[in-house]
Amino acid sequence: KERAVYNTVLKIVDDVSNERSDYAKFLQWFEKACNITLVNEIGLDFYGEYQKIIKDLGTENEVVPLGWDFIDTKIGGGLAKNGRALYLFLGPTNVGKSIFLGNVASNMASRGLTTVLISLEMPEMMYAKRISSHVSKIPIKDIQQQIGSLESYFKEVSESRKRKLIIKEFPPKSVTVGGIKSYIESLVKAGIKPEVLVIDYLGLIKSNDGDNSYAQGKAAAEELRALSYFFNMPVVSAI
């Protein structure tokens, strides 16, 4: 990894000296160099470790219901709690994908799971207003006139159970999956271990791979799924 980073620096110096300063490409080179790893485990010995397979087959996979039976039925009961899974919901423009993803995030937090909602489309406070309406059952058009009721709700919930929902805003097309990974790592260092990641939405993630939106979206989806392995948490987004 150190040699890859060193060679990347030399390559960038060479490009800059020849007036070929493509900074997006430089970032991509660094991300690839920093993601190099040495795999020490041989994998699963299918015949030699058959008892491990039998034990796993007899263990029910732990899932977290989304809260909508018609969806949970289709995805095996809910989100895979231990991650290694990416859930993408498809919907046309203005159908309500952001509202749906915000509701997913608040539902996960209400179940006591530390949830991170990354918004690439709207400000943090706008999302907070929408989620406040969803969890308190106060219509969004009336919420400004019912501040006292909303405050009472927050006090009651904070005293009765643990809930953690972090809303983080990034400008559209300004952050890569590598940048999201760095942000989550900073949360972990601060003592906040995300258990569910919700991203609004896939098409607004910056990607340096591919020449068209389809190829870029495909690359971002693959990287997000890898992220779910790295942090052992399910990732939910929309297209």
# chains A, B, ... in the order shown; residues from 1 in each chain; ligands from 1
$ residues_around --residues "stretch 167-181 of chain A" --least-positions-apart "3" --cutoff "8 Å" --atoms "only C-alpha atoms" --output "NGL selection string"
:A and (31 or 116-124 or 127-128 or 184-185 or 204-207 or 220 or 223-224 or 227)
$ write_last_selection --atoms "C-alpha atoms" --output "short mmCIF file (atom, residue, chain, number, x, y, z; two decimals), in the first residue's frame"
data_model
loop_
_atom_site.label_atom_id
_atom_site.label_comp_id
_atom_site.auth_asym_id
_atom_site.auth_seq_id
_atom_site.Cartn_x
_atom_site.Cartn_y
_atom_site.Cartn_z
CA GLU A 31 -8.43 6.02 -3.51
CA VAL A 116 -26.76 7.75 9.48
CA LEU A 117 -28.73 9.57 6.79
CA ILE A 118 -26.60 11.22 4.11
CA SER A 119 -28.46 13.83 2.10
CA LEU A 120 -27.13 14.79 -1.30
CA GLU A 121 -30.28 16.63 -2.28
CA MET A 122 -31.63 18.81 0.50
CA PRO A 123 -30.37 20.69 3.60
CA GLU A 124 -30.06 18.91 6.94
CA TYR A 127 -34.74 16.74 6.31
CA ALA A 128 -35.03 17.24 10.07
CA ILE A 184 -18.10 7.17 8.59
CA GLU A 185 -14.60 6.40 9.86
CA LEU A 204 -26.00 12.13 -6.75
CA ILE A 205 -22.85 10.34 -5.57
CA LYS A 206 -19.75 11.52 -7.43
CA SER A 207 -18.09 8.81 -9.49
CA ALA A 220 -21.21 3.77 -7.14
CA GLU A 223 -18.67 0.59 -4.06
CA LEU A 224 -21.61 1.11 -1.69
CA LEU A 227 -18.94 -0.36 2.09
#
$ residues_around --residues "stretch 194-198 of chain A" --least-positions-apart "2" --cutoff "7 Å" --atoms "only C-alpha atoms" --output "ChimeraX atom specification"
/A:101,105,113-118,192,200,233-237
$ write_last_selection --atoms "N, CA and C atoms" --output "PDB file, in the first residue's frame"
ATOM      1  N   LEU A 101     -36.979   7.508   1.955  1.00  0.00           N
ATOM      2  CA  LEU A 101     -35.679   7.242   2.582  1.00  0.00           C
ATOM      3  C   LEU A 101     -35.598   7.878   3.966  1.00  0.00           C
ATOM      4  N   ALA A 105     -34.956   5.871   7.507  1.00  0.00           N
ATOM      5  CA  ALA A 105     -33.953   6.257   8.516  1.00  0.00           C
ATOM      6  C   ALA A 105     -34.591   6.439   9.889  1.00  0.00           C
ATOM      7  N   LEU A 113     -31.459   1.544  16.547  1.00  0.00           N
ATOM      8  CA  LEU A 113     -30.256   1.362  15.742  1.00  0.00           C
ATOM      9  C   LEU A 113     -29.629   2.713  15.411  1.00  0.00           C
ATOM     10  N   THR A 114     -28.344   2.816  15.591  1.00  0.00           N
ATOM     11  CA  THR A 114     -27.639   4.048  15.233  1.00  0.00           C
ATOM     12  C   THR A 114     -27.660   4.191  13.716  1.00  0.00           C
ATOM     13  N   THR A 115     -28.340   5.214  13.243  1.00  0.00           N
ATOM     14  CA  THR A 115     -28.600   5.374  11.813  1.00  0.00           C
ATOM     15  C   THR A 115     -27.970   6.661  11.299  1.00  0.00           C
ATOM     16  N   VAL A 116     -27.340   6.576  10.135  1.00  0.00           N
ATOM     17  CA  VAL A 116     -26.763   7.753   9.483  1.00  0.00           C
ATOM     18  C   VAL A 116     -27.510   7.984   8.175  1.00  0.00           C
ATOM     19  N   LEU A 117     -28.044   9.177   8.006  1.00  0.00           N
ATOM     20  CA  LEU A 117     -28.732   9.571   6.787  1.00  0.00           C
ATOM     21  C   LEU A 117     -27.892  10.623   6.069  1.00  0.00           C
ATOM     22  N   ILE A 118     -27.391  10.281   4.906  1.00  0.00           N
ATOM     23  CA  ILE A 118     -26.596  11.223   4.111  1.00  0.00           C
ATOM     24  C   ILE A 118     -27.485  11.817   3.031  1.00  0.00           C
ATOM     25  N   ILE A 192     -19.203   6.934  17.527  1.00  0.00           N
ATOM     26  CA  ILE A 192     -20.523   6.671  16.934  1.00  0.00           C
ATOM     27  C   ILE A 192     -20.361   5.585  15.880  1.00  0.00           C
ATOM     28  N   ASP A 200     -29.439   9.456   0.269  1.00  0.00           N
ATOM     29  CA  ASP A 200     -30.402  10.086  -0.626  1.00  0.00           C
ATOM     30  C   ASP A 200     -29.652  10.951  -1.652  1.00  0.00           C
ATOM     31  N   MET A 233     -22.858  -3.236   7.991  1.00  0.00           N
ATOM     32  CA  MET A 233     -24.153  -2.562   8.163  1.00  0.00           C
ATOM     33  C   MET A 233     -24.882  -2.553   6.824  1.00  0.00           C
ATOM     34  N   PRO A 234     -26.209  -2.623   6.829  1.00  0.00           N
ATOM     35  CA  PRO A 234     -26.941  -2.513   5.571  1.00  0.00           C
ATOM     36  C   PRO A 234     -26.917  -1.079   5.051  1.00  0.00           C
ATOM     37  N   VAL A 235     -26.911  -0.944   3.733  1.00  0.00           N
ATOM     38  CA  VAL A 235     -26.942   0.373   3.084  1.00  0.00           C
ATOM     39  C   VAL A 235     -28.226   0.451   2.259  1.00  0.00           C
ATOM     40  N   VAL A 236     -28.948   1.549   2.431  1.00  0.00           N
ATOM     41  CA  VAL A 236     -30.224   1.722   1.732  1.00  0.00           C
ATOM     42  C   VAL A 236     -30.144   3.012   0.912  1.00  0.00           C
ATOM     43  N   SER A 237     -30.561   2.933  -0.354  1.00  0.00           N
ATOM     44  CA  SER A 237     -30.569   4.126  -1.200  1.00  0.00           C
ATOM     45  C   SER A 237     -31.669   3.985  -2.235  1.00  0.00           C
TER      46      SER A 237
END
$ closest_residue --among "A:Leu202, A:Val157, A:Ala33, A:Ala226" --to "A:Leu90" --atoms "only C-alpha atoms"
A:Leu202
$ closest_residue --among "A:Lys193, A:His134, A:Lys141, A:Arg225" --to "A:Ser110" --atoms "only C-alpha atoms"
A:His134
$ atom_distance --atom1 "atom CA of A:Leu79" --atom2 "atom CA of A:Val64"
5.0 Å
$ closest_residue --among "A:Glu2, A:Glu222, A:Asp142, A:Asp72" --to "A:Asn35" --atoms "only C-alpha atoms"
A:Glu2
